[in-house]
Structures are given as C-alpha cells and as structure tokens.
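Source file: run36.tsv; contents: TSV, C-alpha atoms.
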```tsv
chain	number	residue	atom	x	y	z
A	123	MET	CA	-36.77	-32.97	46.83
A	124	MET	CA	-33.38	-33.64	45.31
A	125	ARG	CA	-34.96	-34.21	41.93
A	126	ALA	CA	-36.77	-30.88	42.18
A	127	LEU	CA	-33.55	-29.08	43.17
A	128	GLY	CA	-31.68	-30.76	40.31
A	129	ALA	CA	-34.34	-29.70	37.81
A	130	LEU	CA	-34.26	-26.17	39.16
A	131	LEU	CA	-30.47	-26.00	38.92
A	132	LEU	CA	-30.50	-27.41	35.43
A	133	ALA	CA	-33.01	-24.76	34.46
A	134	ILE	CA	-30.74	-22.10	35.93
A	135	ALA	CA	-27.76	-23.61	34.19
A	136	SER	CA	-29.46	-23.39	30.82
A	137	THR	CA	-30.10	-19.67	31.22
A	138	GLN	CA	-26.71	-18.95	32.80
A	139	SER	CA	-24.66	-20.76	30.23
A	140	LEU	CA	-24.19	-17.82	27.92
A	141	PRO	CA	-22.04	-15.61	30.20
A	142	CYS	CA	-19.68	-18.57	30.56
A	143	HIS	CA	-19.10	-18.39	26.81
A	144	ALA	CA	-18.01	-14.79	27.25
A	145	GLN	CA	-15.27	-15.83	29.62
A	146	ILE	CA	-13.69	-18.24	27.19
A	147	ALA	CA	-14.15	-16.48	23.88
A	148	GLY	CA	-11.53	-14.24	22.33
A	149	ALA	CA	-9.51	-14.10	19.16
A	150	SER	CA	-6.91	-12.09	17.31
A	151	GLY	CA	-6.60	-11.17	13.68
A	152	ASP	CA	-3.43	-10.15	11.95
A	153	GLY	CA	-4.30	-7.45	9.49
A	154	ARG	CA	-1.67	-5.43	7.77
A	155	ALA	CA	-1.14	-2.35	5.69
A	156	SER	CA	1.01	-2.30	2.59
A	157	ALA	CA	2.51	0.45	0.48
A	158	THR	CA	5.04	0.67	-2.29
A	159	VAL	CA	7.16	3.78	-1.89
A	160	VAL	CA	9.06	4.54	-5.05
A	161	GLU	CA	12.28	6.46	-5.21
A	162	PRO	CA	11.80	9.70	-7.16
A	163	VAL	CA	13.24	9.98	-10.64
A	164	ARG	CA	16.33	12.10	-10.91
A	165	ILE	CA	18.00	13.45	-14.02
A	166	ARG	CA	21.48	14.91	-14.19
A	167	LEU	CA	23.12	16.61	-17.13
A	168	LEU	CA	26.38	15.00	-18.15
A	169	GLU	CA	27.00	16.87	-21.38
A	170	ASP	CA	25.25	19.59	-23.40
A	171	LEU	CA	24.02	19.07	-26.93
A	172	SER	CA	26.78	20.67	-28.98
A	173	PHE	CA	26.83	21.32	-32.72
A	174	GLY	CA	30.49	22.26	-32.50
A	175	ALA	CA	32.09	24.93	-34.62
A	176	VAL	CA	30.99	25.14	-38.26
A	177	THR	CA	31.31	27.27	-41.34
A	178	VAL	CA	28.54	28.09	-43.79
A	179	GLY	CA	28.70	29.48	-47.32
A	180	ARG	CA	27.57	32.96	-48.31
A	181	GLN	CA	25.21	31.70	-51.02
A	182	ASP	CA	23.77	28.48	-49.60
A	183	GLY	CA	22.81	27.44	-46.13
A	184	GLY	CA	22.88	23.97	-44.72
A	185	GLU	CA	22.21	21.77	-41.74
A	186	ILE	CA	24.10	19.84	-39.14
A	187	SER	CA	22.34	16.80	-37.77
A	188	ILE	CA	23.30	15.05	-34.58
A	189	SER	CA	21.59	11.79	-33.95
A	190	PRO	CA	21.73	10.17	-30.53
A	191	GLY	CA	24.23	7.38	-30.58
A	192	SER	CA	25.88	8.36	-33.83
A	193	SER	CA	28.17	10.98	-35.27
A	194	ALA	CA	27.25	14.34	-36.78
A	195	ALA	CA	26.10	14.67	-40.42
A	196	TYR	CA	26.48	17.84	-42.45
A	197	SER	CA	24.48	18.99	-45.46
A	198	GLY	CA	24.51	21.95	-47.82
A	199	SER	CA	27.38	24.37	-47.34
A	200	VAL	CA	27.79	23.63	-43.66
A	201	ALA	CA	31.15	22.08	-42.76
A	202	PRO	CA	32.92	21.31	-39.49
A	203	LEU	CA	35.60	23.65	-38.27
A	204	CYS	CA	36.97	21.89	-35.24
A	205	GLY	CA	39.93	20.18	-36.77
A	206	GLN	CA	41.93	18.39	-34.09
A	207	SER	CA	40.35	20.32	-31.23
A	208	SER	CA	38.32	17.85	-29.27
A	209	ASP	CA	36.55	20.38	-27.07
A	210	CYS	CA	34.47	21.63	-29.99
A	211	ASP	CA	33.48	18.24	-31.34
A	212	PRO	CA	29.73	17.97	-31.97
A	213	HIS	CA	27.93	15.50	-29.74
A	214	PRO	CA	24.48	14.74	-28.40
A	215	ALA	CA	23.34	15.82	-24.97
A	216	ARG	CA	23.85	13.15	-22.34
A	217	PHE	CA	21.81	12.72	-19.20
A	218	ALA	CA	22.11	10.27	-16.34
A	219	VAL	CA	18.73	9.27	-14.95
A	220	SER	CA	18.05	7.27	-11.82
A	221	GLY	CA	14.98	5.81	-10.21
A	222	GLU	CA	13.31	2.62	-9.07
A	223	PRO	CA	15.11	-0.46	-10.47
A	224	GLY	CA	13.12	-2.12	-13.22
A	225	ARG	CA	10.53	0.61	-13.49
A	226	THR	CA	9.91	2.26	-16.85
A	227	TYR	CA	9.81	5.98	-17.50
A	228	ARG	CA	8.95	8.46	-20.21
A	229	VAL	CA	10.79	11.57	-21.33
A	230	GLN	CA	9.26	14.82	-22.45
A	231	PHE	CA	10.94	17.70	-24.25
A	232	PRO	CA	9.99	20.21	-26.96
A	233	ALA	CA	10.25	19.30	-30.64
A	234	THR	CA	12.11	22.51	-31.42
A	235	VAL	CA	14.07	25.17	-29.60
A	236	THR	CA	15.48	28.48	-30.75
A	237	ALA	CA	19.12	29.34	-30.22
A	238	ARG	CA	20.15	32.97	-29.99
A	239	GLY	CA	23.47	34.54	-30.86
A	240	ARG	CA	25.29	35.88	-27.84
A	241	ASP	CA	26.63	38.99	-29.64
A	242	THR	CA	24.32	39.51	-32.62
A	243	GLY	CA	20.99	38.30	-31.27
A	244	GLN	CA	20.39	36.30	-34.46
A	245	SER	CA	18.28	33.20	-34.02
A	246	LEU	CA	18.74	29.66	-35.29
A	247	GLN	CA	16.22	26.89	-35.16
A	248	VAL	CA	17.06	23.51	-33.65
A	249	SER	CA	14.44	21.04	-34.81
A	250	SER	CA	13.75	17.31	-34.90
A	251	LEU	CA	14.92	16.85	-31.34
A	252	THR	CA	15.07	13.15	-30.62
A	253	MET	CA	16.28	10.95	-27.83
A	254	ILE	CA	17.20	7.37	-27.14
A	255	SER	CA	17.79	5.61	-23.88
A	256	ARG	CA	20.52	3.07	-23.37
A	257	SER	CA	17.99	0.65	-21.91
A	258	ARG	CA	15.47	0.89	-24.74
A	259	PRO	CA	17.08	2.35	-27.82
A	260	GLY	CA	14.08	1.52	-30.00
A	261	ALA	CA	11.42	2.93	-27.71
A	262	ASP	CA	9.80	6.25	-28.39
A	263	GLN	CA	10.88	8.63	-25.63
A	264	ARG	CA	10.89	5.87	-23.07
A	265	GLY	CA	13.36	3.97	-21.00
A	266	ALA	CA	13.71	1.59	-18.08
A	267	PHE	CA	15.94	1.64	-15.05
A	268	ASP	CA	18.43	-1.17	-14.72
A	269	GLY	CA	18.95	-3.30	-11.63
A	270	ASP	CA	20.81	-0.47	-9.96
A	271	GLY	CA	18.10	2.04	-10.88
A	272	ARG	CA	20.18	3.78	-13.55
A	273	ASP	CA	19.95	4.63	-17.22
A	274	LEU	CA	21.50	6.97	-19.73
A	275	LEU	CA	19.78	9.29	-22.25
A	276	GLU	CA	21.09	10.97	-25.34
A	277	VAL	CA	19.35	13.83	-27.12
A	278	GLY	CA	20.14	15.04	-30.60
A	279	GLY	CA	18.66	17.42	-33.14
A	280	VAL	CA	19.05	19.28	-36.41
A	281	LEU	CA	20.45	22.79	-36.58
A	282	ALA	CA	19.56	24.75	-39.70
A	283	ILE	CA	21.99	27.51	-40.63
A	284	PRO	CA	21.01	30.06	-43.26
A	285	ALA	CA	23.53	31.36	-45.76
A	286	GLY	CA	25.49	34.46	-44.90
A	287	ILE	CA	24.80	34.39	-41.18
A	288	ARG	CA	27.23	36.45	-39.13
A	289	SER	CA	29.69	34.70	-36.86
A	290	ASP	CA	28.51	34.22	-33.31
A	291	THR	CA	28.12	31.76	-30.49
A	292	PHE	CA	24.59	30.46	-30.26
A	293	ARG	CA	22.94	29.00	-27.22
A	294	ALA	CA	19.50	27.53	-26.53
A	295	GLU	CA	17.88	26.14	-23.47
A	296	LEU	CA	16.37	22.69	-23.66
A	297	SER	CA	14.04	21.60	-20.88
A	298	ILE	CA	13.68	17.88	-20.44
A	299	SER	CA	11.54	16.08	-17.91
A	300	VAL	CA	11.47	12.45	-16.88
A	301	SER	CA	8.61	10.75	-15.10
A	302	TYR	CA	7.56	7.21	-14.27
A	303	ASP	CA	5.10	5.49	-16.56
B	226	MET	CA	-8.06	-36.27	22.69
B	227	LYS	CA	-9.31	-33.13	24.39
B	228	ARG	CA	-12.86	-34.05	23.65
B	229	SER	CA	-12.70	-37.52	25.21
B	230	ARG	CA	-11.19	-36.13	28.40
B	231	SER	CA	-14.01	-33.67	28.85
B	232	SER	CA	-16.56	-36.33	28.33
B	233	HIS	CA	-15.34	-38.07	31.50
B	234	VAL	CA	-15.70	-34.84	33.45
B	235	SER	CA	-19.31	-34.56	32.39
B	236	LEU	CA	-20.10	-38.02	33.59
B	237	ARG	CA	-18.59	-37.29	36.97
B	238	LEU	CA	-20.66	-34.16	37.30
B	239	CYS	CA	-23.81	-36.06	36.55
B	240	ALA	CA	-22.95	-38.56	39.23
B	241	SER	CA	-22.41	-35.75	41.74
B	242	VAL	CA	-25.76	-34.19	40.91
B	243	ARG	CA	-27.49	-37.20	42.26
B	244	ARG	CA	-25.61	-37.21	45.55
B	245	THR	CA	-25.82	-33.73	46.99
B	246	GLY	CA	-27.18	-30.34	46.23
B	247	VAL	CA	-23.98	-28.67	47.54
B	248	VAL	CA	-21.89	-30.40	44.93
B	249	ILE	CA	-24.41	-29.41	42.30
B	250	LEU	CA	-24.07	-25.75	43.27
B	251	ALA	CA	-20.30	-25.95	43.05
B	252	ALA	CA	-20.47	-27.62	39.69
B	253	LEU	CA	-22.97	-25.23	38.23
B	254	THR	CA	-20.49	-22.74	36.83
B	255	CYS	CA	-18.43	-25.49	35.27
B	256	LEU	CA	-21.29	-27.40	33.78
B	257	PRO	CA	-21.67	-25.23	30.68
B	258	LEU	CA	-17.94	-25.41	29.98
B	259	SER	CA	-17.82	-29.16	29.97
B	260	TYR	CA	-20.94	-29.22	27.90
B	261	GLN	CA	-19.41	-26.94	25.26
B	262	VAL	CA	-16.27	-28.97	24.94
B	263	ASN	CA	-18.34	-32.06	24.69
B	264	ALA	CA	-20.33	-30.64	21.86
B	265	LYS	CA	-18.57	-27.86	20.01
B	266	GLU	CA	-17.04	-24.84	21.67
B	267	PRO	CA	-18.53	-21.50	20.80
B	268	GLN	CA	-15.90	-19.26	19.39
B	269	VAL	CA	-15.38	-15.82	18.05
B	270	ARG	CA	-13.09	-15.28	15.11
B	271	ILE	CA	-11.61	-12.29	13.39
B	272	VAL	CA	-10.15	-12.86	9.95
B	273	ALA	CA	-8.22	-10.33	7.90
B	274	GLU	CA	-9.64	-10.74	4.41
B	275	SER	CA	-7.61	-8.05	2.69
B	276	ASP	CA	-4.78	-5.65	3.46
B	277	LEU	CA	-5.13	-1.95	3.90
B	278	ARG	CA	-3.62	-1.07	0.55
B	279	PHE	CA	-1.93	2.28	0.09
B	280	GLY	CA	-0.86	1.50	-3.45
B	281	THR	CA	2.21	2.89	-5.17
B	282	PHE	CA	3.50	6.42	-4.88
B	283	MET	CA	6.61	8.54	-5.00
B	284	VAL	CA	7.66	10.79	-2.18
B	285	PHE	CA	10.58	13.21	-2.09
B	286	GLY	CA	11.00	13.96	1.60
B	287	SER	CA	7.84	13.22	3.50
B	288	GLY	CA	4.18	12.93	2.72
B	289	SER	CA	1.05	11.07	3.61
B	290	ARG	CA	-1.73	9.11	2.00
B	291	THR	CA	-5.09	8.47	3.59
B	292	VAL	CA	-7.25	5.58	2.48
B	293	SER	CA	-10.64	6.00	4.06
B	294	ALA	CA	-12.87	3.18	5.25
B	295	ASN	CA	-14.87	3.51	2.03
B	296	GLY	CA	-11.75	3.56	-0.14
B	297	MET	CA	-11.36	7.26	-0.84
B	298	VAL	CA	-7.72	8.27	-1.30
B	299	THR	CA	-6.31	11.63	-0.20
B	300	ASP	CA	-2.67	12.50	-0.82
B	301	SER	CA	-0.43	15.09	0.73
B	302	SER	CA	3.05	15.85	-0.65
B	303	LEU	CA	3.39	12.70	-2.68
B	304	VAL	CA	2.99	11.71	-6.31
B	305	ALA	CA	0.59	8.92	-7.18
B	306	LEU	CA	1.96	6.28	-9.54
B	307	GLU	CA	0.47	3.41	-11.43
B	308	GLY	CA	1.02	0.13	-9.69
B	309	ASN	CA	-0.67	-1.61	-6.83
B	310	PRO	CA	-4.33	-0.77	-6.19
B	311	THR	CA	-5.56	1.06	-3.11
B	312	GLY	CA	-8.30	0.02	-0.72
B	313	PRO	CA	-9.27	-0.32	2.91
B	314	ALA	CA	-8.52	-3.38	4.98
B	315	ARG	CA	-11.42	-5.79	5.25
B	316	PHE	CA	-12.03	-7.96	8.28
B	317	SER	CA	-14.66	-10.55	8.96
B	318	LEU	CA	-15.89	-10.99	12.51
B	319	SER	CA	-17.81	-14.17	13.19
B	320	TYR	CA	-19.35	-15.97	16.13
B	321	ASP	CA	-19.86	-19.69	16.02
B	322	ARG	CA	-22.21	-20.82	18.75
B	323	GLY	CA	-21.28	-24.44	18.28
B	324	ASN	CA	-24.26	-26.74	18.45
B	325	GLN	CA	-25.52	-25.47	21.78
B	326	SER	CA	-28.85	-23.96	20.93
B	327	LYS	CA	-31.01	-22.69	18.18
B	328	HIS	CA	-32.22	-19.62	20.00
B	329	VAL	CA	-32.07	-16.19	18.46
B	330	ILE	CA	-29.22	-14.41	20.19
B	331	ASP	CA	-27.55	-11.01	20.31
B	332	ILE	CA	-23.79	-11.11	20.59
B	333	GLU	CA	-21.82	-8.18	21.89
B	334	VAL	CA	-18.18	-8.17	20.94
B	335	GLU	CA	-15.35	-5.89	22.01
B	336	LEU	CA	-12.92	-5.08	19.26
B	337	VAL	CA	-9.55	-3.44	19.80
B	338	VAL	CA	-7.18	-2.20	17.13
B	339	SER	CA	-3.68	-2.10	18.57
B	340	PRO	CA	-1.75	1.15	18.45
B	341	GLY	CA	-0.33	1.82	15.02
B	342	SER	CA	3.23	0.74	14.69
B	343	THR	CA	6.05	2.37	12.79
B	344	VAL	CA	8.23	0.45	10.39
B	345	GLN	CA	11.48	1.40	8.73
B	346	GLN	CA	12.85	-0.27	5.67
B	347	GLN	CA	16.23	1.06	4.65
B	348	GLY	CA	15.74	4.77	4.09
B	349	VAL	CA	11.94	4.80	4.27
B	350	ARG	CA	9.89	5.09	7.43
B	351	GLY	CA	6.12	4.64	7.58
B	352	SER	CA	3.59	4.90	10.37
B	353	LEU	CA	-0.15	4.46	10.61
B	354	SER	CA	-2.57	6.77	12.35
B	355	ALA	CA	-6.12	8.14	12.10
B	356	PHE	CA	-7.79	4.75	11.86
B	357	GLN	CA	-11.39	4.69	10.76
B	358	THR	CA	-14.01	2.08	10.08
B	359	ASP	CA	-17.34	1.62	8.37
B	360	LEU	CA	-18.80	-0.13	11.41
B	361	PRO	CA	-22.13	1.57	12.13
B	362	GLY	CA	-21.90	4.31	14.71
B	363	VAL	CA	-18.14	4.08	15.14
B	364	GLY	CA	-16.36	6.24	12.58
B	365	SER	CA	-12.87	6.87	13.87
B	366	ILE	CA	-10.90	4.33	15.86
B	367	SER	CA	-8.59	5.21	18.69
B	368	PRO	CA	-5.93	2.49	18.84
B	369	GLY	CA	-6.06	0.59	22.09
B	370	GLN	CA	-9.58	1.72	22.83
B	371	PRO	CA	-12.29	-0.93	22.65
B	372	ILE	CA	-15.15	-0.70	20.19
B	373	ARG	CA	-18.42	-2.45	20.85
B	374	VAL	CA	-19.82	-4.41	17.94
B	375	LEU	CA	-23.26	-5.96	18.13
B	376	LEU	CA	-24.27	-8.98	16.10
B	377	ARG	CA	-28.02	-8.84	16.43
B	378	ASN	CA	-30.65	-11.45	15.74
B	379	CYS	CA	-28.22	-14.25	15.23
B	380	ARG	CA	-30.29	-17.23	14.08
B	381	GLU	CA	-27.64	-19.31	12.40
B	382	ARG	CA	-24.91	-21.38	13.93
B	383	VAL	CA	-22.36	-18.89	12.59
B	384	CYS	CA	-23.16	-15.20	12.44
B	385	SER	CA	-20.68	-12.78	10.96
B	386	GLN	CA	-20.12	-9.19	10.03
B	387	SER	CA	-17.61	-7.75	7.65
B	388	PHE	CA	-16.17	-4.31	8.14
B	389	THR	CA	-13.42	-2.16	6.70
B	390	ILE	CA	-10.61	-0.20	8.28
B	391	GLY	CA	-8.92	2.80	6.72
B	392	ALA	CA	-6.02	4.86	8.02
B	393	ARG	CA	-3.45	7.48	7.21
B	394	LEU	CA	0.07	6.43	6.28
B	395	ASP	CA	2.80	8.96	6.97
B	396	VAL	CA	5.97	8.33	5.04
B	397	SER	CA	9.35	9.97	5.37
B	398	ARG	CA	12.09	9.03	2.95
B	399	GLN	CA	15.79	9.60	3.27
B	400	PHE	CA	16.93	7.45	0.37
B	401	GLY	CA	15.75	4.70	-1.94
B	402	GLY	CA	12.33	3.13	-2.05
B	403	ALA	CA	10.61	0.43	-0.07
B	404	ASN	CA	7.75	-2.01	0.09
B	405	LEU	CA	6.31	-1.22	3.49
B	406	ILE	CA	4.34	-3.79	5.44
B	407	ILE	CA	2.83	-2.56	8.68
B	408	PRO	CA	0.91	-4.94	10.94
B	409	ILE	CA	-2.58	-4.06	12.14
B	410	PRO	CA	-3.33	-6.41	15.02
B	411	VAL	CA	-7.02	-6.63	15.89
B	412	ASP	CA	-8.26	-8.41	19.00
B	413	VAL	CA	-11.83	-9.36	19.74
B	414	ALA	CA	-13.53	-10.69	22.84
B	415	ILE	CA	-17.08	-11.64	23.60
B	416	ILE	CA	-18.73	-9.30	26.07
B	417	SER	CA	-22.10	-10.96	26.20
B	418	VAL	CA	-24.34	-13.36	24.42
B	419	GLN	CA	-27.98	-12.71	25.15
B	420	ARG	CA	-30.85	-14.92	24.20
B	421	GLN	CA	-33.69	-12.93	22.75
B	422	GLY	CA	-36.98	-13.12	24.59
B	423	GLY	CA	-35.38	-15.25	27.24
```

Rewrite the structure of this file - the entire thing - as structure tokens.
Amino acid sequence: MMRALGALLLAIASTQSLPCHAQIAGASGDGRASATVVEPVRIRLLEDLSFGAVTVGRQDGGEISISPGSSAAYSGSVAPLCGQSSDCDPHPARFAVSGEPGRTYRVQFPATVTARGRDTGQSLQVSSLTMISRSRPGADQRGAFDGDGRDLLEVGGVLAIPAGIRSDTFRAELSISVSYD
Amino acid sequence: MKRSRSSHVSLRLCASVRRTGVVILAALTCLPLSYQVNAKEPQVRIVAESDLRFGTFMVFGSGSRTVSANGMVTDSSLVALEGNPTGPARFSLSYDRGNQSKHVIDIEVELVVSPGSTVQQQGVRGSLSAFQTDLPGVGSISPGQPIRVLLRNCRERVCSQSFTIGARLDVSRQFGGANLIIPIPVDVAIISVQRQGG
C-alpha cells in the first residue's frame, strides 16, 4: 500500500515539478542607452577684413593682397595711405570659433565677393579669399577645436583696384559658415 | 558547498517517504527543489548584448532622436553628425532547464522594462520614452508593464530568444556637450514551463 502511494506521489511529483521552477526563476539584465551630444559650433566676428586706405594711379591699377597670418602686399600703382594711423591698417578678418573639444570642423565661404562704393556705387572685386585656422594652418579650410573647445580663424583676400577709380568707401559682405566634419 | 548541503536534504526526504504517507505529502512541494539543486538549477537569464545607440548629434536647445526596434532613425530638431553608430539595444533571453528532463517544453516568461529614467550630465539632460521591440505581437512597450514572451518547442537544454528594443531620446541642452548613458533595466520571470503532450 505504502509502495503504491509512494509511486503515485512520485508520479505526481514528476508532473508537478515544473511550476516549482516558476517560483524560483527570475533574472535582471542591465541594458543601457548611449548618446553623444555635441555642443553646437559657434562663430563670432572679432575683426573685419580691412584693406585699409589706399591710393591708386590714374593710368595703372593695382592690387592689395592680404594673406591670413601675414602683412599686406601691394602691387601696381596701389600704395598704402594710412601712415601712422593704426585704425586704418589693413588686416585679415578674424573669427573666434568654439565647439566640441578635439573635434574637427570645416569652413565654407565664397571665393569672391563684390564690394560697392557707399557714395558712388562703383564695384570692386575681392577675390582669392583664403583662410587659415590657428589649430591647422596647413589644412584646407579646416580646423580643430583645442582642449577648451576654441580656435581662431583668419580670412584674407585680394582686392583689385582699377586705375582712375573715384574716391569712396567700399564695403562687401562676406558670409562664412563653420560646421563639424 | 551549496550542492552538498542539498544532497543531505534529499536523502532525508527519501527516508521519510518510506515511513509515512503524511510526511510524503508535506515533502512533495519541496522535492523538486531539492532535486534541482542536486542536479542543476533551471534558470532564466537576460543578457544585454548591445546598447541602444543614439549615435552622435548636435542640438541647440532641445530635440529628440528615435531609434526604432529595427534600427530606423528619426530626428527632430537636432543635427546628425558623424561619430558613433546608431542601433537598437539587443537582449538575449534564455532558459536553461538544467539536466532535469529532455521533454519538449513551452516556457512562458514575463518581461518588464523599468520606467525610463532621466539623466543629466552638466548642461545636458536626456530621457527615454516610447520604447518599442521587435518581439512578435508586442510592438510598443509600456515601462513597468509586463510583456509575455513564449519560448515554444524548447528541445535543448538551453533555449533562447534574442530581441531588440528601440526608444526615443529627448535631449535638452543648456550648455556644453555630454556623453549620456541611461540605464535600461529589464527584469524577467518565469510564468510557466509546460511540458508538451504531457
């Protein structure tokens, strides 16, 4: 009798064992989500590109060239007129850029812009616009942010002045954009 | 050490079986437990195989990126950048029956994704919502609400199923950037293990 009961209970136990597993089983997994949020690039004008004050001959024109990181060069009949006045010294445009430390960026701007005379409406062509960054002076329109997320850009160009142009103050707008690589 | 201690319990139970049916009845519910420990405990496991990767992006004020369970990326008010890849989280759910039986079994598992947490790192805050999965018949996941997962026709000692989880990441930025890490805790529990044709 006891053997029969034992066999019966063992049979029951074998079919009832699975719900017992349910009571003891459980686990946790530690998944995670990740994202890299990058600080936007910002650019701030420190100084305009200025060709200063110049004179040009009546018979021959000339050019003034301002290279980033160097002084102005004059050709033809064009000559500087600033003298000792420092506020009309020619200089490249300077921009402060900021962004994610260590990340590289590229700079875009037109190859030429046209300057117009404020009083006469005459136009002058500014060509060969070039830039260098402090971080990567040899790179073509590229730079990299330093450990503090900063860098400095300089933009220069060549202003061609035809002979006999009437005196005026010329101004052009140069749009420059910076974006992460 | 644990195993040897259980082995003694089993021997005592066997001795009781011979003495009285009342003791046998009382021991019945415990018998499978001691048997499992003796042999190899069945266990369910959930392993995070890969992160839910939202990649690299730039955001001015606030924006969101959704990475779906199948990896599709949808952006709102942010700029995608080259950098880290994107992709859904991948988990592997497995049931190890130990060496108890070689029957074909169906395992029903309850899976719970904990409510999405919010993290803040310096000037960047991120939070997860709109969870979704590629588990058949599930689609969207409500955090804290259990999902039933069925591992059918389990013939091996270990049966497993991989699945993905996608979500939406909302980001608001006051200053700077950040590498956000947001935990996605997932809990699983066995609901039932049914022997087929039994």

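Ranking A:Asp303, A:Pro190, A:Pro212, A:Arg288 by their shortest atom-to-atom distance to Ser255 in chain A, with all atoms listed in the file included, puts A:Pro190 first.
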
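What separates CA of Ser275 in chain B from CA of Ala294 in chain B is a distance of 12.7 Å.
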
Quiz item: Quick one: residues within 8 Å of Met283 in chain B, all atoms listed in the file counted, chain neighbours fewer than 3 positions away excluded, as a PyMOL selection string?
Solution: (chain A and resi 159-162) or (chain B and resi 303-306)

Save out the residues we just selected, C-alpha atoms, as a compact mmCIF listing (two decimals), in the frame of the given file.
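Output (again06.txt):
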```txt
# COMPACT_ATOMS: atom_id res chain seq x y z
CA VAL A 159 7.16 3.78 -1.89
CA VAL A 160 9.06 4.54 -5.05
CA GLU A 161 12.28 6.46 -5.21
CA PRO A 162 11.80 9.70 -7.16
CA LEU B 303 3.39 12.70 -2.68
CA VAL B 304 2.99 11.71 -6.31
CA ALA B 305 0.59 8.92 -7.18
CA LEU B 306 1.96 6.28 -9.54
```

Practice problem: Neighbourhood query: residues within 10 Å of (-8.0, -4.5, 3.1), file coordinates, counting only C-alpha atoms; return as a VMD selection string. | Solution: (chain A and resid 153 to 156) or (chain B and resid 273 to 279 294 296 311 to 316 388 to 391)

Self-check item: Polymer residues at most 8 Å from Leu168 in chain A, all atoms listed in the file, same-chain spacing of 6 or more positions, as a VMD selection string
Solution: chain A and resid 215 to 218

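Between CA of Gly308 in chain B and CA of Asp152 in chain A lies a distance of 24.4 Å.
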
Exercise. Identify, on the basis of all atoms listed in the file, every residue whose closest approach to Ser302 in chain B does not exceed 9 Å; exclude the query and any residue fewer than 4 positions from it along the same chain; express the result as a PyMOL selection string.
Key: chain B and resi 284-290

Would you mind exporting C-alpha atoms of the selected residues as a PDB file, in the coordinates of the input?
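New file selection37.pdb:
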```pdb
ATOM      1  CA  VAL B 284       7.660  10.790  -2.180  1.00  0.00           C
ATOM      2  CA  PHE B 285      10.580  13.210  -2.090  1.00  0.00           C
ATOM      3  CA  GLY B 286      11.000  13.960   1.600  1.00  0.00           C
ATOM      4  CA  SER B 287       7.840  13.220   3.500  1.00  0.00           C
ATOM      5  CA  GLY B 288       4.180  12.930   2.720  1.00  0.00           C
ATOM      6  CA  SER B 289       1.050  11.070   3.610  1.00  0.00           C
ATOM      7  CA  ARG B 290      -1.730   9.110   2.000  1.00  0.00           C
TER       8      ARG B 290
END
```

Determine, counting only C-alpha atoms, which protein, DNA and RNA residues have an atom within 12 Å of an atom of Gln370 in chain B; residues of the same chain fewer than 5 positions away are not included. Present the result as a PDB file with C-alpha atoms, in the coordinates of the input.
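Once written, result-v2.pdb looks like this:
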```pdb
ATOM      1  CA  GLU B 335     -15.350  -5.890  22.010  1.00  0.00           C
ATOM      2  CA  LEU B 336     -12.920  -5.080  19.260  1.00  0.00           C
ATOM      3  CA  VAL B 337      -9.550  -3.440  19.800  1.00  0.00           C
ATOM      4  CA  VAL B 338      -7.180  -2.200  17.130  1.00  0.00           C
ATOM      5  CA  SER B 339      -3.680  -2.100  18.570  1.00  0.00           C
ATOM      6  CA  PRO B 340      -1.750   1.150  18.450  1.00  0.00           C
ATOM      7  CA  PHE B 356      -7.790   4.750  11.860  1.00  0.00           C
ATOM      8  CA  VAL B 363     -18.140   4.080  15.140  1.00  0.00           C
ATOM      9  CA  SER B 365     -12.870   6.870  13.870  1.00  0.00           C
ATOM     10  CA  VAL B 411      -7.020  -6.630  15.890  1.00  0.00           C
ATOM     11  CA  ASP B 412      -8.260  -8.410  19.000  1.00  0.00           C
ATOM     12  CA  VAL B 413     -11.830  -9.360  19.740  1.00  0.00           C
TER      13      VAL B 413
END
```

Practice problem: Would you work out the distance separating CA of Ala266 in chain A from CA of Gly191 in chain A, expressed in Å to one decimal? | Solution: 17.3 Å

Exercise. Please provide as a PyMOL selection string all residues within 12 Å of Glu295 in chain A, with the sequence filter that same-chain residues fewer than 2 positions apart are discarded (counting all atoms listed in the file).
Key: chain A and resi 170-172+215+231-232+234-238+247-248+292-293+297-298

Set out as a Markdown table a contact list for chain B and chain A with a cut-off of 7 Å, giving each residue of chain B that qualifies its closest atom pair and distance in Å to one decimal, counting only C-alpha atoms, ordered by chain and rising residue number.
```
| residue | atom | partner | partner_atom | distance |
| --- | --- | --- | --- | --- |
| B:Val242 | CA | A:Gly128 | CA | 6.9 |
| B:Leu253 | CA | A:Ala135 | CA | 6.5 |
| B:Pro257 | CA | A:Ser139 | CA | 5.4 |
| B:Pro267 | CA | A:His143 | CA | 6.8 |
| B:Gln268 | CA | A:Ala147 | CA | 5.6 |
| B:Val269 | CA | A:Gly148 | CA | 6.0 |
| B:Arg270 | CA | A:Ala149 | CA | 5.5 |
| B:Ile271 | CA | A:Gly151 | CA | 5.1 |
| B:Val272 | CA | A:Gly151 | CA | 5.4 |
| B:Ala273 | CA | A:Gly153 | CA | 5.1 |
| B:Asp276 | CA | A:Arg154 | CA | 5.3 |
| B:Leu277 | CA | A:Ala155 | CA | 4.4 |
| B:Arg278 | CA | A:Ser156 | CA | 5.2 |
| B:Phe279 | CA | A:Ala157 | CA | 4.8 |
| B:Gly280 | CA | A:Ala157 | CA | 5.3 |
| B:Thr281 | CA | A:Thr158 | CA | 4.6 |
| B:Phe282 | CA | A:Val159 | CA | 5.4 |
| B:Met283 | CA | A:Val160 | CA | 4.7 |
| B:Val284 | CA | A:Pro162 | CA | 6.6 |
| B:Phe285 | CA | A:Pro162 | CA | 6.3 |
| B:Gly401 | CA | A:Glu161 | CA | 5.1 |
| B:Gly402 | CA | A:Glu161 | CA | 4.6 |
| B:Ala403 | CA | A:Val159 | CA | 5.1 |
| B:Asn404 | CA | A:Thr158 | CA | 4.5 |
| B:Leu405 | CA | A:Ala157 | CA | 5.1 |
| B:Ile406 | CA | A:Ser156 | CA | 4.6 |
| B:Ile407 | CA | A:Ala155 | CA | 5.0 |
| B:Pro408 | CA | A:Arg154 | CA | 4.1 |
| B:Ile409 | CA | A:Gly153 | CA | 4.6 |
| B:Pro410 | CA | A:Asp152 | CA | 4.8 |
| B:Val411 | CA | A:Gly151 | CA | 5.1 |
| B:Asp412 | CA | A:Ser150 | CA | 4.3 |
| B:Val413 | CA | A:Ala149 | CA | 5.3 |
| B:Ala414 | CA | A:Gly148 | CA | 4.1 |
| B:Ile415 | CA | A:Ala144 | CA | 4.9 |
| B:Ile416 | CA | A:Ala144 | CA | 5.7 |
| B:Ser417 | CA | A:Ala144 | CA | 5.7 |
| B:Val418 | CA | A:Leu140 | CA | 5.7 |
| B:Gln419 | CA | A:Leu140 | CA | 6.9 |
```

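Residue nearest His328 in chain B, chosen from B:Arg350, B:Arg373, B:Arg420, B:Arg382 and counting only C-alpha atoms: B:Arg420.
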
Padding 4 Å on each side, edges along x, y and z: where is the centre of the box around the listed atoms of range 270-287 of chain B, and how long are its edges in Å to one decimal? Output it as AutoDock Vina command-line options.
```
--center_x -1.0 --center_y -0.7 --center_z 5.0 --size_x 32.1 --size_y 37.2 --size_z 28.3
```

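Here the question is which of A:Ala201, A:Met253, A:Ala194, A:Ala233 gets nearest to Gly179 in chain A using only C-alpha atoms, and that residue is A:Ala201.
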
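Here the selection is built from all atoms listed in the file, and the residues within 7 Å of (19.7, 7.3, -18.3) turn out to be Phe217, Ala218, Val219, Ser220, Ser255, Arg256, Arg272, Asp273, Leu274 and Leu275 of chain A.
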